[in-house]
Amino acid sequence: MSTIQIDRLLDTVVKQNCSDLHLTTGRPPTVRLHGSLRNLQTKTLESDDMVALMKSVTPEKNQQELQEGGTTDFGFAYGDAARFRVSVFRQRGDIAMVLRLIPNELLTFEQIGLPEISKELIRRPRGLFIVTGPTGSGKTTSLATMLDYINMNMDRHIITTEDPIEYYHHHKKSLINQREIGSDVTTFSESLRRALRQDPDVILVGEMRDLETMEAAIAAAETGHLVFATLHTTGASGTINRIIDAFPVDQQAQVRVQLSVALIAVLSQQLLRRVDKPGRVAAYEFLVVTPAISNLIRENKTFRIDSAIQTGKKFGMQLLDDHLWSLYQKGLISAEEMVDKGKDPADLTQKVHRSGGTVGRSELDEAGAEDASG
């Protein structure tokens, strides 16, 4: 029986610039390239292959965690070429693995198309900057780009808490300390609490998973730190509501006031498959907290935020659907992809029709059904 070498698989992932490698029994190794899954031309994996592949990369303590809890996550460096974030889990009694490629090379604002205004916002001495979007939408990459910009251009002490550490940052003009959940610190909220005694200027919280972490992040932003955090939400107004709703009802009015002062921006993003060339392109919704937006948050009128974003273009704001529409008009994405990832599919579908285009069948039916029900 020929054994499958993990190194050869990882080489392929790095050379072809795939985003993920999936390994599971009953199927050949599979990569995700530009958003699509493709089988590699090797043998179908069996139980023994999976055990061998798992053991070849998984540290001892993670193997134990897998035994006890059925899942383990860790990161490892693959020579100088790249790093991988790995999730190993049991399914139907067998082992399965997903390895995500984290490139060593940090990208620039221009390369990933981040709104220019973000450069000005991250020069601020304090405030909360939230990056949101579904899993795999490039949040980590956007944050790494912003931190790298601070690291190169300003002298700051940056502390990050990540689960696990993805991009490695080297000290440049700034001093940067990266803590990993599980090996350097127990939880995000604990790390945040401790960070305030470590003379930080900039704090990155990998994920605001619970109430404690949200409280600590808002408090840190209020006390004179620039705090970056992520949430799995879509859209700016939805993000603000999600944070406020996480608090007990009797605290919500107070949290609104705190957020109206502490929040400086919400960047909400989606990654889309390109049609003009292989690869993906990011679409952004960007909310900059102006005095007017601040009032809407304080007065519990978040339902008016979307129209405020629309009229706030001069402050660098944009709605996700507007950005999707412009990418579609430039011929970078398909109508189907735009409608699929948009916040108002019915409206986008109508816009395509008015401009003489068509949208694939399934989206049309859904949009039609929404129109009928609306």
# chains A, B, ... in the order shown; residues from 1 in each chain; ligands from 1

call {"tool": "residues_around", "arguments": {"residues": "Glu285 of chain A", "least_positions_apart": "6", "cutoff": "9 Å", "atoms": "only C-alpha atoms", "output": "list of chain:residue names"}}
result
A:Thr234, A:Gly235, A:Ala236, A:Val266, A:Leu267, A:Ser268, A:Gln269, A:Gln270, A:Ile309, A:Met317, A:Gln318, A:Leu319, A:Leu320, A:Asp321, A:Asp322, A:His323

call {"tool": "select_by_dssp", "arguments": {"residues": "segment 286-364 of chain A", "states": "alpha helix (DSSP H)", "output": "ChimeraX atom specification"}}
result
/A:291-298,305-310,320-329,335-341,345-354,361-364

call {"tool": "closest_atom_pairs", "arguments": {"of": "segment 118-138 of chain A", "to": "segment 288-302 of chain A", "cutoff": "10 Å", "atoms": "only C-alpha atoms", "output": "JSON lines"}}
result
{"residue": "A:Ser118", "atom": "CA", "partner": "A:Val288", "partner_atom": "CA", "distance": 9.1}
{"residue": "A:Leu121", "atom": "CA", "partner": "A:Val288", "partner_atom": "CA", "distance": 8.7}
{"residue": "A:Phe129", "atom": "CA", "partner": "A:Val288", "partner_atom": "CA", "distance": 9.5}

call {"tool": "atom_distance", "arguments": {"atom1": "atom CA of Ala195 of chain A", "atom2": "atom CA of Tyr168 of chain A"}}
result
18.9 Å

call {"tool": "residues_around", "arguments": {"residues": "segment 59-69 of chain A", "least_positions_apart": "5", "cutoff": "10 Å", "atoms": "only C-alpha atoms", "output": "list in words"}}
result
Met54, Phe74, Gly75, Phe76, Val88, Phe89, Arg90 and Ile95 of chain A

call {"tool": "select_by_dssp", "arguments": {"residues": "segment 192-227 of chain A", "states": "strand (DSSP E or B)", "output": "tab-separated table (two decimals) with N, CA, C and O atoms, in the first residue's frame"}}
result
chain	number	residue	atom	x	y	z
A	202	VAL	N	-2.20	49.17	21.27
A	202	VAL	CA	-3.13	48.53	20.34
A	202	VAL	C	-3.36	47.09	20.81
A	202	VAL	O	-2.41	46.39	21.15
A	203	ILE	N	-4.65	46.69	20.85
A	203	ILE	CA	-4.99	45.34	21.30
A	203	ILE	C	-5.84	44.68	20.21
A	203	ILE	O	-6.79	45.29	19.71
A	204	LEU	N	-5.48	43.45	19.84
A	204	LEU	CA	-6.33	42.69	18.90
A	204	LEU	C	-6.95	41.53	19.67
A	204	LEU	O	-6.24	40.73	20.28
A	205	VAL	N	-8.29	41.46	19.62
A	205	VAL	CA	-9.01	40.34	20.23
A	205	VAL	C	-9.50	39.48	19.08
A	205	VAL	O	-10.36	39.90	18.32
A	226	LEU	N	-6.49	51.40	21.28
A	226	LEU	CA	-7.11	51.08	20.00
A	226	LEU	C	-7.34	49.57	20.01
A	226	LEU	O	-6.38	48.80	20.12
A	227	VAL	N	-8.60	49.16	19.95
A	227	VAL	CA	-8.93	47.73	20.06
A	227	VAL	C	-9.53	47.23	18.74
A	227	VAL	O	-10.49	47.81	18.22

call {"tool": "closest_atom_pairs", "arguments": {"of": "segment 268-330 of chain A", "to": "segment 6-19 of chain A", "cutoff": "12 Å", "atoms": "only C-alpha atoms", "output": "JSON lines"}}
result
{"residue": "A:Pro278", "atom": "CA", "partner": "A:Asn17", "partner_atom": "CA", "distance": 11.1}
{"residue": "A:Gly279", "atom": "CA", "partner": "A:Asn17", "partner_atom": "CA", "distance": 9.7}
{"residue": "A:Arg280", "atom": "CA", "partner": "A:Ser19", "partner_atom": "CA", "distance": 10.9}

call {"tool": "write_last_selection", "arguments": {"atoms": "N, CA and C atoms", "output": "PDB file, in the first residue's frame"}}
result
ATOM      1  N   PRO A 278      -8.622  33.878 -12.379  1.00  0.00           N
ATOM      2  CA  PRO A 278      -8.696  33.017 -11.193  1.00  0.00           C
ATOM      3  C   PRO A 278      -8.421  33.845  -9.940  1.00  0.00           C
ATOM      4  N   GLY A 279      -9.110  33.524  -8.872  1.00  0.00           N
ATOM      5  CA  GLY A 279      -8.870  34.240  -7.632  1.00  0.00           C
ATOM      6  C   GLY A 279     -10.157  34.764  -7.036  1.00  0.00           C
ATOM      7  N   ARG A 280     -10.000  35.528  -5.961  1.00  0.00           N
ATOM      8  CA  ARG A 280     -11.181  36.059  -5.298  1.00  0.00           C
ATOM      9  C   ARG A 280     -11.029  37.549  -5.040  1.00  0.00           C
TER      10      ARG A 280
END

call {"tool": "residues_around", "arguments": {"residues": "Gly138 of chain A", "least_positions_apart": "5", "cutoff": "10 Å", "atoms": "only C-alpha atoms", "output": "list of chain:residue names"}}
result
A:Ile112, A:Val131, A:Thr132, A:Gly133, A:Leu143, A:Ala144, A:Gln269, A:Gln270, A:Leu271, A:Val281, A:Ala282

call {"tool": "residues_around", "arguments": {"residues": "Pro29 of chain A", "least_positions_apart": "2", "cutoff": "9 Å", "atoms": "only C-alpha atoms", "output": "list of chain:residue names"}}
result
A:Leu9, A:Leu21, A:His22, A:Leu23, A:Thr24, A:Arg27, A:Val31, A:Arg38, A:Asn39, A:Leu40, A:Gln41, A:Thr42, A:Lys43, A:Thr44, A:Leu45

call {"tool": "write_last_selection", "arguments": {"atoms": "N, CA and C atoms", "output": "PDB file, in the first residue's frame"}}
result
ATOM      1  N   LEU A   9       1.538  16.787  -0.021  1.00  0.00           N
ATOM      2  CA  LEU A   9       0.229  17.444  -0.065  1.00  0.00           C
ATOM      3  C   LEU A   9       0.370  18.937   0.260  1.00  0.00           C
ATOM      4  N   LEU A  21      -6.876  22.424   2.750  1.00  0.00           N
ATOM      5  CA  LEU A  21      -6.679  21.028   2.366  1.00  0.00           C
ATOM      6  C   LEU A  21      -7.598  20.189   3.244  1.00  0.00           C
ATOM      7  N   HIS A  22      -8.470  19.383   2.622  1.00  0.00           N
ATOM      8  CA  HIS A  22      -9.395  18.528   3.367  1.00  0.00           C
ATOM      9  C   HIS A  22      -8.943  17.078   3.260  1.00  0.00           C
ATOM     10  N   LEU A  23      -8.844  16.400   4.402  1.00  0.00           N
ATOM     11  CA  LEU A  23      -8.453  14.997   4.414  1.00  0.00           C
ATOM     12  C   LEU A  23      -9.504  14.213   5.185  1.00  0.00           C
ATOM     13  N   THR A  24     -10.116  13.230   4.545  1.00  0.00           N
ATOM     14  CA  THR A  24     -11.116  12.409   5.231  1.00  0.00           C
ATOM     15  C   THR A  24     -11.198  11.054   4.532  1.00  0.00           C
ATOM     16  N   ARG A  27     -12.271   9.374   0.419  1.00  0.00           N
ATOM     17  CA  ARG A  27     -12.141  10.370  -0.642  1.00  0.00           C
ATOM     18  C   ARG A  27     -10.659  10.749  -0.783  1.00  0.00           C
ATOM     19  N   VAL A  31      -8.553  19.816  -2.193  1.00  0.00           N
ATOM     20  CA  VAL A  31      -8.142  21.190  -1.883  1.00  0.00           C
ATOM     21  C   VAL A  31      -9.267  22.160  -2.232  1.00  0.00           C
ATOM     22  N   ARG A  38     -11.564  20.682  -5.118  1.00  0.00           N
ATOM     23  CA  ARG A  38     -11.046  19.810  -6.188  1.00  0.00           C
ATOM     24  C   ARG A  38     -10.285  18.646  -5.574  1.00  0.00           C
ATOM     25  N   ASN A  39     -10.536  17.452  -6.091  1.00  0.00           N
ATOM     26  CA  ASN A  39      -9.788  16.275  -5.622  1.00  0.00           C
ATOM     27  C   ASN A  39      -8.381  16.288  -6.203  1.00  0.00           C
ATOM     28  N   LEU A  40      -7.398  15.864  -5.398  1.00  0.00           N
ATOM     29  CA  LEU A  40      -6.040  15.695  -5.938  1.00  0.00           C
ATOM     30  C   LEU A  40      -5.959  14.302  -6.541  1.00  0.00           C
ATOM     31  N   GLN A  41      -5.086  14.158  -7.536  1.00  0.00           N
ATOM     32  CA  GLN A  41      -4.988  12.874  -8.258  1.00  0.00           C
ATOM     33  C   GLN A  41      -4.150  11.879  -7.456  1.00  0.00           C
ATOM     34  N   THR A  42      -4.639  11.480  -6.307  1.00  0.00           N
ATOM     35  CA  THR A  42      -3.922  10.464  -5.523  1.00  0.00           C
ATOM     36  C   THR A  42      -4.955   9.447  -5.067  1.00  0.00           C
ATOM     37  N   LYS A  43      -4.494   8.478  -4.284  1.00  0.00           N
ATOM     38  CA  LYS A  43      -5.399   7.404  -3.859  1.00  0.00           C
ATOM     39  C   LYS A  43      -6.467   7.915  -2.894  1.00  0.00           C
ATOM     40  N   THR A  44      -7.545   7.148  -2.783  1.00  0.00           N
ATOM     41  CA  THR A  44      -8.598   7.441  -1.813  1.00  0.00           C
ATOM     42  C   THR A  44      -8.059   7.117  -0.420  1.00  0.00           C
ATOM     43  N   LEU A  45      -8.316   8.007   0.518  1.00  0.00           N
ATOM     44  CA  LEU A  45      -7.762   7.822   1.871  1.00  0.00           C
ATOM     45  C   LEU A  45      -8.547   6.770   2.651  1.00  0.00           C
TER      46      LEU A  45
END

call {"tool": "closest_residue", "arguments": {"among": "A:Arg242, A:Arg126, A:His34, A:His353", "to": "Ala219 of chain A", "atoms": "only C-alpha atoms"}}
result
A:Arg126

call {"tool": "closest_atom_pairs", "arguments": {"of": "segment 204-244 of chain A", "to": "segment 304-308 of chain A", "cutoff": "12 Å", "atoms": "only C-alpha atoms", "output": "Markdown table"}}
result
| residue | atom | partner | partner_atom | distance |
| --- | --- | --- | --- | --- |
| A:Gly235 | CA | A:Asp306 | CA | 8.9 |
| A:Ala236 | CA | A:Asp306 | CA | 7.9 |
| A:Ser237 | CA | A:Ile305 | CA | 6.1 |
| A:Gly238 | CA | A:Ile305 | CA | 9.7 |
| A:Thr239 | CA | A:Ile305 | CA | 11.2 |
| A:Ile240 | CA | A:Ile305 | CA | 9.9 |
| A:Asn241 | CA | A:Ile305 | CA | 11.0 |

call {"tool": "residues_around", "arguments": {"residues": "Glu46 of chain A", "least_positions_apart": "5", "cutoff": "12 Å", "atoms": "only C-alpha atoms", "output": "number ranges by chain"}}
result
A: 1-4, 23-29, 51-53, 94-96
